[in-house]
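Printed here is run.pdb (PDB, C-alpha atoms):
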MODEL        1
ATOM      1  CA  MET A  17      43.048 197.430 215.598
ATOM      2  CA  ASN A  18      39.658 195.873 215.051
ATOM      3  CA  ILE A  19      38.993 192.136 214.817
ATOM      4  CA  GLY A  20      39.124 192.202 211.024
ATOM      5  CA  GLU A  21      42.638 193.645 211.039
ATOM      6  CA  LEU A  22      43.732 191.108 213.640
ATOM      7  CA  SER A  23      42.344 188.362 211.431
ATOM      8  CA  ARG A  24      44.300 189.664 208.426
ATOM      9  CA  LEU A  25      47.558 189.915 210.369
ATOM     10  CA  SER A  26      47.251 186.526 212.069
ATOM     11  CA  GLY A  27      45.658 184.568 209.236
ATOM     12  CA  LEU A  28      42.999 183.221 211.590
ATOM     13  CA  PRO A  29      39.257 183.513 210.854
ATOM     14  CA  VAL A  30      37.296 186.204 212.646
ATOM     15  CA  LYS A  31      35.041 183.499 214.093
ATOM     16  CA  THR A  32      38.025 181.770 215.715
ATOM     17  CA  ILE A  33      39.398 185.008 217.165
ATOM     18  CA  ARG A  34      35.993 185.917 218.543
ATOM     19  CA  TYR A  35      35.764 182.498 220.205
ATOM     20  CA  TYR A  36      39.245 182.841 221.717
ATOM     21  CA  SER A  37      38.202 186.216 223.083
ATOM     22  CA  ASP A  38      34.960 184.875 224.543
ATOM     23  CA  VAL A  39      36.747 182.084 226.435
ATOM     24  CA  GLY A  40      39.430 184.444 227.689
ATOM     25  CA  LEU A  41      42.428 183.250 225.690
ATOM     26  CA  VAL A  42      42.840 186.507 223.748
ATOM     27  CA  PRO A  43      40.801 189.181 225.496
ATOM     28  CA  GLU A  44      40.346 192.449 223.645
ATOM     29  CA  ALA A  45      42.443 195.395 224.756
ATOM     30  CA  GLU A  46      39.364 197.602 224.938
ATOM     31  CA  ARG A  47      35.912 198.209 223.488
ATOM     32  CA  SER A  48      35.015 201.065 221.211
ATOM     33  CA  HIS A  49      32.179 203.481 222.101
ATOM     34  CA  ALA A  50      30.013 201.434 219.783
ATOM     35  CA  GLY A  51      30.953 198.234 221.649
ATOM     36  CA  TYR A  52      33.280 196.791 219.060
ATOM     37  CA  ARG A  53      36.312 194.809 220.157
ATOM     38  CA  ARG A  54      39.672 196.536 219.831
ATOM     39  CA  TYR A  55      43.047 194.757 219.964
ATOM     40  CA  ASP A  56      46.655 195.850 220.221
ATOM     41  CA  HIS A  57      50.066 194.405 219.351
ATOM     42  CA  ASP A  58      50.147 192.350 222.551
ATOM     43  CA  SER A  59      46.865 190.785 221.471
ATOM     44  CA  LEU A  60      48.468 189.709 218.187
ATOM     45  CA  VAL A  61      51.454 188.154 219.993
ATOM     46  CA  ARG A  62      49.147 186.327 222.402
ATOM     47  CA  LEU A  63      46.934 185.121 219.552
ATOM     48  CA  GLU A  64      49.903 183.691 217.648
ATOM     49  CA  PHE A  65      51.073 181.927 220.816
ATOM     50  CA  VAL A  66      47.612 180.433 221.315
ATOM     51  CA  ARG A  67      47.545 179.260 217.707
ATOM     52  CA  THR A  68      50.929 177.538 218.156
ATOM     53  CA  LEU A  69      49.777 175.732 221.293
ATOM     54  CA  ARG A  70      46.540 174.662 219.624
ATOM     55  CA  GLU A  71      48.469 173.291 216.643
ATOM     56  CA  LEU A  72      50.511 171.256 219.105
ATOM     57  CA  GLY A  73      47.279 169.775 220.398
ATOM     58  CA  LEU A  74      46.892 171.495 223.761
ATOM     59  CA  ASP A  75      43.316 171.945 224.851
ATOM     60  CA  ILE A  76      41.703 175.286 225.685
ATOM     61  CA  ALA A  77      41.718 174.755 229.453
ATOM     62  CA  THR A  78      45.439 173.933 229.528
ATOM     63  CA  ILE A  79      46.328 176.945 227.393
ATOM     64  CA  LYS A  80      44.281 179.181 229.670
ATOM     65  CA  ARG A  81      46.178 177.888 232.730
ATOM     66  CA  VAL A  82      49.492 178.605 231.004
ATOM     67  CA  LEU A  83      48.461 182.125 230.019
ATOM     68  CA  ASP A  84      46.535 183.238 233.085
ATOM     69  CA  ARG A  85      48.074 181.345 235.995
ATOM     70  CA  GLY A  86      51.666 181.249 234.866
ATOM     71  CA  GLU A  87      51.706 177.472 234.757
ATOM     72  CA  ASP A  88      55.109 176.147 233.664
ATOM     73  CA  LEU A  89      54.889 175.802 229.900
ATOM     74  CA  GLY A  90      57.908 173.492 229.898
ATOM     75  CA  ALA A  91      56.185 171.060 232.242
ATOM     76  CA  VAL A  92      52.970 171.284 230.231
ATOM     77  CA  ALA A  93      54.866 170.663 226.995
ATOM     78  CA  ALA A  94      56.714 167.691 228.489
ATOM     79  CA  ALA A  95      53.485 166.103 229.726
ATOM     80  CA  HIS A  96      51.806 166.706 226.405
ATOM     81  CA  ALA A  97      54.776 165.297 224.497
ATOM     82  CA  GLU A  98      54.582 162.140 226.607
ATOM     83  CA  ALA A  99      50.852 161.822 225.914
ATOM     84  CA  ILE A 100      51.469 162.229 222.195
ATOM     85  CA  GLY A 101      54.234 159.636 222.444
ATOM     86  CA  VAL A 102      51.781 157.147 223.928
ATOM     87  CA  GLN A 103      49.311 157.877 221.135
ATOM     88  CA  ILE A 104      52.039 157.406 218.527
ATOM     89  CA  ARG A 105      53.059 154.054 220.018
ATOM     90  CA  VAL A 106      49.451 152.857 219.996
ATOM     91  CA  LEU A 107      48.992 153.959 216.399
ATOM     92  CA  ARG A 108      52.221 152.238 215.367
ATOM     93  CA  LEU A 109      51.060 149.020 217.017
ATOM     94  CA  ARG A 110      47.715 149.231 215.239
ATOM     95  CA  ARG A 111      49.489 149.902 211.964
ATOM     96  CA  ALA A 112      51.692 146.856 212.517
ATOM     97  CA  ALA A 113      48.638 144.646 213.056
ATOM     98  CA  LEU A 114      47.035 145.933 209.857
ATOM     99  CA  ARG A 115      50.322 145.508 207.984
ATOM    100  CA  ALA A 116      50.561 141.902 209.163
ATOM    101  CA  VAL A 117      47.052 141.245 207.888
ATOM    102  CA  ALA A 118      47.805 142.895 204.544
ATOM    103  CA  LEU A 119      51.065 141.011 204.025
ATOM    104  CA  HIS A 120      49.754 137.620 205.116
ATOM    105  CA  PRO A 121      46.155 137.258 203.931
ATOM    106  CA  GLU A 122      44.545 133.937 204.725
ATOM    107  CA  ARG A 123      41.372 132.506 203.245
ATOM    108  CA  GLY A 124      40.616 135.762 201.490
ATOM    109  CA  GLY A 125      41.351 137.880 204.544
ATOM    110  CA  PRO A 126      40.980 137.644 208.329
ATOM    111  CA  THR A 127      37.686 137.451 210.140
ATOM    112  CA  PRO A 128      36.826 140.306 212.524
ATOM    113  CA  ALA A 129      37.757 138.002 215.420
ATOM    114  CA  GLU A 130      41.165 137.233 213.890
ATOM    115  CA  LEU A 131      41.856 140.912 213.262
ATOM    116  CA  ASP A 132      40.847 141.733 216.842
ATOM    117  CA  ARG A 133      43.160 139.000 218.157
ATOM    118  CA  MET A 134      46.077 140.269 216.071
ATOM    119  CA  THR A 135      45.473 143.832 217.257
ATOM    120  CA  ARG A 136      45.391 142.664 220.880
ATOM    121  CA  ILE A 137      48.658 140.778 220.344
ATOM    122  CA  ALA A 138      50.278 143.891 218.870
ATOM    123  CA  GLN A 139      49.099 146.077 221.759
ATOM    124  CA  ALA A 140      49.767 143.526 224.498
ATOM    125  CA  SER A 141      51.286 144.899 227.694
ATOM    126  CA  THR A 142      54.546 143.556 229.110
ATOM    127  CA  ASP A 143      52.632 141.254 231.480
ATOM    128  CA  GLU A 144      50.369 140.035 228.681
ATOM    129  CA  ARG A 145      53.343 139.271 226.452
ATOM    130  CA  ARG A 146      54.952 137.394 229.317
ATOM    131  CA  ARG A 147      51.813 135.303 229.799
ATOM    132  CA  ILE A 148      51.731 134.399 226.093
ATOM    133  CA  VAL A 149      55.354 133.255 226.200
ATOM    134  CA  ASP A 150      55.026 131.458 229.556
ATOM    135  CA  GLU A 151      51.991 129.550 228.338
ATOM    136  CA  PHE A 152      53.986 128.469 225.270
ATOM    137  CA  PHE A 153      56.894 127.278 227.413
ATOM    138  CA  ASP A 154      54.557 125.458 229.820
ATOM    139  CA  SER A 155      53.105 123.627 226.845
ATOM    140  CA  ILE A 156      56.351 122.498 225.212
ATOM    141  CA  PHE A 157      58.086 121.557 228.472
ATOM    142  CA  ALA A 158      55.092 119.711 229.919
ATOM    143  CA  GLU A 159      56.441 116.263 229.007
ATOM    144  CA  LEU A 160      60.096 116.760 229.924
ATOM    145  CA  PRO A 161      61.467 114.665 232.770
ATOM    146  CA  ARG A 162      61.144 116.171 236.214
ATOM    147  CA  ALA A 163      64.130 117.976 237.712
ATOM    148  CA  GLU A 164      64.967 115.106 240.069
ATOM    149  CA  GLU A 165      64.908 112.700 237.137
ATOM    150  CA  SER A 166      66.929 114.886 234.761
ATOM    151  CA  PRO A 167      68.740 117.992 236.030
ATOM    152  CA  GLU A 168      69.824 118.606 232.423
ATOM    153  CA  ALA A 169      66.199 118.904 231.303
ATOM    154  CA  ALA A 170      65.446 121.354 234.112
ATOM    155  CA  GLN A 171      68.477 123.447 233.203
ATOM    156  CA  PHE A 172      67.437 123.464 229.542
ATOM    157  CA  SER A 173      63.945 124.672 230.457
ATOM    158  CA  ALA A 174      65.373 127.383 232.705
ATOM    159  CA  ARG A 175      67.756 128.595 229.983
ATOM    160  CA  MET A 176      64.974 128.806 227.423
ATOM    161  CA  ARG A 177      62.738 130.786 229.771
ATOM    162  CA  SER A 178      65.588 133.161 230.639
ATOM    163  CA  VAL A 179      65.912 134.357 227.026
ATOM    164  CA  SER A 180      62.278 135.077 226.254
ATOM    165  CA  PRO A 181      61.297 138.016 224.020
ATOM    166  CA  ASP A 182      61.599 141.418 225.688
ATOM    167  CA  LEU A 183      59.960 144.118 223.570
ATOM    168  CA  PRO A 184      61.251 147.587 224.559
ATOM    169  CA  ASP A 185      58.928 150.403 225.624
ATOM    170  CA  ASP A 186      59.468 152.227 222.335
ATOM    171  CA  PRO A 187      59.930 149.404 219.806
ATOM    172  CA  THR A 188      60.876 149.865 216.181
ATOM    173  CA  ASP A 189      58.524 148.808 213.396
ATOM    174  CA  ALA A 190      60.742 145.755 212.800
ATOM    175  CA  GLN A 191      60.456 144.733 216.465
ATOM    176  CA  ILE A 192      56.678 145.122 216.434
ATOM    177  CA  ASP A 193      56.397 143.070 213.239
ATOM    178  CA  ALA A 194      58.667 140.410 214.742
ATOM    179  CA  TRP A 195      56.559 140.230 217.921
ATOM    180  CA  ILE A 196      53.318 139.777 215.971
ATOM    181  CA  GLU A 197      54.879 137.011 213.862
ATOM    182  CA  LEU A 198      56.393 135.318 216.908
ATOM    183  CA  ALA A 199      53.163 135.476 218.920
ATOM    184  CA  GLY A 200      51.332 133.824 216.028
ATOM    185  CA  MET A 201      53.997 131.116 215.814
ATOM    186  CA  LEU A 202      53.757 130.409 219.548
ATOM    187  CA  ARG A 203      50.051 129.581 219.097
ATOM    188  CA  GLU A 204      50.636 126.955 216.382
ATOM    189  CA  GLN A 205      49.720 123.623 217.911
ATOM    190  CA  ASP A 206      51.700 121.504 215.452
ATOM    191  CA  PHE A 207      54.816 123.574 216.166
ATOM    192  CA  ARG A 208      54.303 123.026 219.896
ATOM    193  CA  ALA A 209      53.817 119.293 219.367
ATOM    194  CA  ARG A 210      57.036 119.069 217.373
ATOM    195  CA  LEU A 211      59.000 120.942 220.038
ATOM    196  CA  ARG A 212      57.576 118.683 222.758
ATOM    197  CA  GLU A 213      58.702 115.612 220.824
ATOM    198  CA  MET A 214      62.120 117.141 220.195
ATOM    199  CA  GLY A 215      62.461 117.831 223.908
ATOM    200  CA  LYS A 216      61.446 114.317 224.922
ATOM    201  CA  ARG A 217      63.935 112.753 222.529
ATOM    202  CA  SER A 218      66.713 115.097 223.557
ATOM    203  CA  PHE A 219      66.576 113.864 227.136
ATOM    204  CA  ALA A 220      65.589 110.259 226.477
ATOM    205  CA  THR A 221      68.123 107.811 227.913
ATOM    206  CA  ASP A 222      67.446 105.065 225.374
ATOM    207  CA  GLU A 223      68.266 106.973 222.166
ATOM    208  CA  ARG A 224      71.729 107.914 220.959
ATOM    209  CA  ARG A 225      71.904 111.331 219.352
ATOM    210  CA  LEU A 226      73.678 111.078 216.019
ATOM    211  CA  VAL A 227      73.733 114.803 215.223
ATOM    212  CA  PRO A 228      76.411 116.700 217.181
ATOM    213  CA  THR A 229      75.422 119.756 219.217
ATOM    214  CA  ASP A 230      78.865 121.342 219.508
ATOM    215  CA  MET A 231      78.760 124.759 217.836
ATOM    216  CA  SER A 232      82.147 124.362 216.140
ATOM    217  CA  GLU A 233      80.996 121.069 214.646
ATOM    218  CA  ILE A 234      77.725 122.604 213.459
ATOM    219  CA  SER A 235      79.692 125.480 211.923
ATOM    220  CA  TRP A 236      81.887 122.977 210.044
ATOM    221  CA  PHE A 237      78.785 121.140 208.800
ATOM    222  CA  THR A 238      76.999 124.238 207.485
ATOM    223  CA  GLY A 239      80.176 125.466 205.811
ATOM    224  CA  HIS A 240      80.799 122.069 204.209
ATOM    225  CA  ILE A 241      77.264 121.795 202.866
ATOM    226  CA  ALA A 242      77.226 125.445 201.746
ATOM    227  CA  GLU A 243      80.389 124.963 199.690
ATOM    228  CA  HIS A 244      78.775 122.266 197.551
ATOM    229  CA  MET A 245      75.192 123.471 197.724
ATOM    230  CA  ASP A 246      76.131 126.952 196.522
ATOM    231  CA  ALA A 247      78.162 125.380 193.732
ATOM    232  CA  GLY A 248      74.952 123.912 192.373
ATOM    233  CA  VAL A 249      75.210 120.318 193.634
ATOM    234  CA  ALA A 250      71.678 118.934 193.881
ATOM    235  CA  PRO A 251      70.820 116.642 196.816
ATOM    236  CA  GLY A 252      69.596 113.953 194.410
ATOM    237  CA  SER A 253      72.668 114.000 192.165
ATOM    238  CA  PRO A 254      75.679 111.618 192.153
ATOM    239  CA  GLN A 255      77.881 114.577 193.124
ATOM    240  CA  ALA A 256      76.098 114.669 196.489
ATOM    241  CA  VAL A 257      77.381 111.192 197.469
ATOM    242  CA  PRO A 258      80.902 112.217 198.593
ATOM    243  CA  VAL A 259      79.511 115.350 200.272
ATOM    244  CA  VAL A 260      77.196 113.269 202.458
ATOM    245  CA  ALA A 261      79.827 110.583 203.010
ATOM    246  CA  ALA A 262      82.263 113.148 204.445
ATOM    247  CA  VAL A 263      79.677 114.213 207.012
ATOM    248  CA  LEU A 264      78.841 110.651 208.012
ATOM    249  CA  ARG A 265      82.485 109.746 208.462
ATOM    250  CA  ARG A 266      83.120 112.838 210.577
ATOM    251  CA  TRP A 267      80.091 112.122 212.760
ATOM    252  CA  GLY A 268      80.864 108.405 213.025
ATOM    253  CA  VAL A 269      77.470 107.355 211.663
ATOM    254  CA  ALA A 270      77.412 103.750 210.458
ATOM    255  CA  GLU A 271      75.287 102.648 207.535
ATOM    256  CA  GLU A 272      72.948 100.722 209.815
ATOM    257  CA  ASP A 273      72.206 103.968 211.693
ATOM    258  CA  LEU A 274      71.124 105.925 208.620
ATOM    259  CA  ASP A 275      67.404 105.343 209.187
ATOM    260  CA  VAL A 276      67.748 106.647 212.744
ATOM    261  CA  LEU A 277      69.658 109.695 211.511
ATOM    262  CA  VAL A 278      66.983 110.440 208.915
ATOM    263  CA  ASP A 279      64.286 110.097 211.582
ATOM    264  CA  GLN A 280      66.100 112.460 213.949
ATOM    265  CA  LEU A 281      66.678 115.042 211.235
ATOM    266  CA  THR A 282      63.094 114.779 209.986
ATOM    267  CA  LEU A 283      61.937 115.833 213.429
ATOM    268  CA  ALA A 284      64.585 118.506 213.974
ATOM    269  CA  VAL A 285      64.648 120.195 210.560
ATOM    270  CA  ASP A 286      61.849 122.753 210.847
ATOM    271  CA  PRO A 287      62.321 126.300 209.522
ATOM    272  CA  ARG A 288      60.102 127.587 212.328
ATOM    273  CA  ALA A 289      62.651 126.593 214.957
ATOM    274  CA  GLU A 290      65.268 128.758 213.274
ATOM    275  CA  ARG A 291      62.755 131.520 212.615
ATOM    276  CA  TYR A 292      61.929 131.565 216.343
ATOM    277  CA  TRP A 293      65.499 132.572 217.192
ATOM    278  CA  GLN A 294      65.704 135.048 214.324
ATOM    279  CA  LEU A 295      62.567 136.815 215.590
ATOM    280  CA  MET A 296      63.934 136.732 219.136
ATOM    281  CA  ALA A 297      67.082 138.448 217.877
ATOM    282  CA  VAL A 298      65.057 141.246 216.267
ATOM    283  CA  ILE A 299      62.830 141.757 219.326
ATOM    284  CA  ASN A 300      65.675 141.695 221.844
ATOM    285  CA  GLY A 301      68.124 143.699 219.741
ATOM    286  CA  TRP A 302      70.621 140.856 219.312
ATOM    287  CA  PRO A 303      72.892 140.511 216.266
ATOM    288  CA  PRO A 304      71.071 138.961 213.290
ATOM    289  CA  ILE A 305      71.001 135.160 213.175
ATOM    290  CA  PRO A 306      71.897 133.853 209.695
ATOM    291  CA  ALA A 307      69.707 131.233 208.032
ATOM    292  CA  THR A 308      71.210 127.725 207.979
ATOM    293  CA  MET A 309      68.110 125.528 208.014
ATOM    294  CA  HIS A 310      68.220 125.199 204.213
ATOM    295  CA  ARG A 311      71.634 123.522 204.586
ATOM    296  CA  TRP A 312      70.135 120.897 206.872
ATOM    297  CA  GLU A 313      67.208 120.427 204.477
ATOM    298  CA  TRP A 314      69.653 119.808 201.626
ATOM    299  CA  PHE A 315      71.507 117.176 203.688
ATOM    300  CA  LEU A 316      68.266 115.474 204.744
ATOM    301  CA  ASN A 317      67.031 115.379 201.150
ATOM    302  CA  ALA A 318      70.359 113.890 200.037
ATOM    303  CA  LEU A 319      70.016 111.169 202.666
ATOM    304  CA  ARG A 320      66.470 110.440 201.536
ATOM    305  CA  ALA A 321      67.704 110.246 197.950
ATOM    306  CA  GLY A 322      69.851 107.269 198.937
ATOM    307  CA  HIS A 323      73.204 108.987 199.215
ATOM    308  CA  GLY A 324      73.954 107.600 202.644
ATOM    309  CA  PRO A 325      76.396 104.704 202.058
ATOM    310  CA  LEU A 326      79.912 105.594 203.083
ATOM    311  CA  ALA A 327      82.070 106.255 200.060
TER     312      ALA A 327
ENDMDL
END

In structure tokens, how does this file's structure come out?
Amino acid sequence: MNIGELSRLSGLPVKTIRYYSDVGLVPEAERSHAGYRRYDHDSLVRLEFVRTLRELGLDIATIKRVLDRGEDLGAVAAAHAEAIGVQIRVLRLRRAALRAVALHPERGGPTPAELDRMTRIAQASTDERRRIVDEFFDSIFAELPRAEESPEAAQFSARMRSVSPDLPDDPTDAQIDAWIELAGMLREQDFRARLREMGKRSFATDERRLVPTDMSEISWFTGHIAEHMDAGVAPGSPQAVPVVAAVLRRWGVAEEDLDVLVDQLTLAVDPRAERYWQLMAVINGWPPIPATMHRWEWFLNALRAGHGPLA
């Protein structure tokens, strides 16, 4: 068959077939007396194979090695699939950075420098992510007592560092989005300052903690507040008085300690602290962490509204 017939049967342009012949991918079976290229059925099969490999993204040189030197197509395909996988991951990371910009515009949109920073955060290597997190921890633990002064503070720091974000090699879109949001949060200086103050107070020897840390007690508190909050009781209403009083009695908080309790809660009640752990759960593949900070905000607002006296 001539090149025109081969073009009709394969659906490829004559120009493309001629090029594949010139570079040796689909050599003609013979030449006519007039010098025209002639092809046979094997040429058509080879041409269709070349087209398939080209559509998969293999370059001319690689295809030629597969066809002429018997190079293992399986190994070539595996290597190429891995390369495409890397490209896909990079594109997904870039898309996540752009999505973060689109969903959270600031001041009419990011500057080129801000967009570049967000893209770098999204595409950060494992070591780079570790440095971002370590620098955050170094900042918030800088003013904790030394280990010899407070073993408890040292243990707390070690526990926090041991559960840092660990983005997998092939993260989901949700994990990428969570990492970008978390990395931005870790850079917020006011958030760092609040965590430093929370840490100092937690291990101060001259301040009695009025809010329990036992998980069963915290679970009781959130359930108690949720029952009334979800029923429509407003923190500034008279109906909030017995709700608050029950908590204060259970915690053993005297009326003269109410100002201290409000001060401690004002420092501790920050949605970002809860959001930190929720993002960590997404990144590390943990079970979802339910939101409870709004329960604490309700209680704090009720205290500020003057519903502290024991009823």

- request: Considering only C-alpha atoms, state which residue in the set A:Leu283, A:Val278, A:Leu226, A:Val82 is at the smallest distance from A:Asn317.
  value: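 Nearest candidate to A:Asn317 out of A:Leu283, A:Val278, A:Leu226, A:Val82: A:Val278.
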
Using the chain letters and numbers from this file, what does the PyMOL selection byres ((chain A and resi 27-34) around 12) select? Give the answer as an mmCIF file with C-alpha atoms, keeping the file's coordinate frame.
data_model
loop_
_atom_site.group_PDB
_atom_site.id
_atom_site.type_symbol
_atom_site.label_atom_id
_atom_site.label_comp_id
_atom_site.auth_asym_id
_atom_site.auth_seq_id
_atom_site.Cartn_x
_atom_site.Cartn_y
_atom_site.Cartn_z
ATOM 1 C CA ASN A 18 39.658 195.873 215.051
ATOM 2 C CA ILE A 19 38.993 192.136 214.817
ATOM 3 C CA GLY A 20 39.124 192.202 211.024
ATOM 4 C CA GLU A 21 42.638 193.645 211.039
ATOM 5 C CA LEU A 22 43.732 191.108 213.640
ATOM 6 C CA SER A 23 42.344 188.362 211.431
ATOM 7 C CA ARG A 24 44.300 189.664 208.426
ATOM 8 C CA LEU A 25 47.558 189.915 210.369
ATOM 9 C CA SER A 26 47.251 186.526 212.069
ATOM 10 C CA TYR A 35 35.764 182.498 220.205
ATOM 11 C CA TYR A 36 39.245 182.841 221.717
ATOM 12 C CA SER A 37 38.202 186.216 223.083
ATOM 13 C CA ASP A 38 34.960 184.875 224.543
ATOM 14 C CA VAL A 39 36.747 182.084 226.435
ATOM 15 C CA GLY A 40 39.430 184.444 227.689
ATOM 16 C CA LEU A 41 42.428 183.250 225.690
ATOM 17 C CA VAL A 42 42.840 186.507 223.748
ATOM 18 C CA PRO A 43 40.801 189.181 225.496
ATOM 19 C CA GLU A 44 40.346 192.449 223.645
ATOM 20 C CA TYR A 52 33.280 196.791 219.060
ATOM 21 C CA ARG A 53 36.312 194.809 220.157
ATOM 22 C CA ARG A 54 39.672 196.536 219.831
ATOM 23 C CA TYR A 55 43.047 194.757 219.964
ATOM 24 C CA SER A 59 46.865 190.785 221.471
ATOM 25 C CA LEU A 60 48.468 189.709 218.187
ATOM 26 C CA ARG A 62 49.147 186.327 222.402
ATOM 27 C CA LEU A 63 46.934 185.121 219.552
ATOM 28 C CA GLU A 64 49.903 183.691 217.648
ATOM 29 C CA VAL A 66 47.612 180.433 221.315
ATOM 30 C CA ARG A 67 47.545 179.260 217.707
ATOM 31 C CA THR A 68 50.929 177.538 218.156
ATOM 32 C CA ARG A 70 46.540 174.662 219.624
#

task: Apply the PyMOL selection byres ((chain A and resi 177) around 12) to the structure shown and report the selected residues as a list of chain:residue names.
output: A:Arg146, A:Arg147, A:Val149, A:Asp150, A:Glu151, A:Phe152, A:Phe153, A:Asp154, A:Ile156, A:Phe157, A:Ala170, A:Gln171, A:Phe172, A:Ser173, A:Ala174, A:Arg175, A:Met176, A:Ser178, A:Val179, A:Ser180, A:Pro181, A:Asp182

task: Take the PyMOL selection byres ((chain A and resi 287-295) around 12), apply it to the structure above, and return the hits as an MDAnalysis selection string.
output: chainID A and resid 149 176 179:183 190:202 204 206:208 210:211 214 282:286 296:313

- request: Quote the spacing between atom CA of A:Glu159 and atom CA of A:Glu144 in Å to one decimal place.
  value: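 Going from atom CA of A:Glu159 over to atom CA of A:Glu144 covers 24.5 Å.
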
- request: Rounded to one decimal place, report the atom CA of A:Ile241-atom CA of A:Arg266 distance in Å.
  value: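 About the pair atom CA of A:Ile241 and atom CA of A:Arg266: they are 13.2 Å apart.
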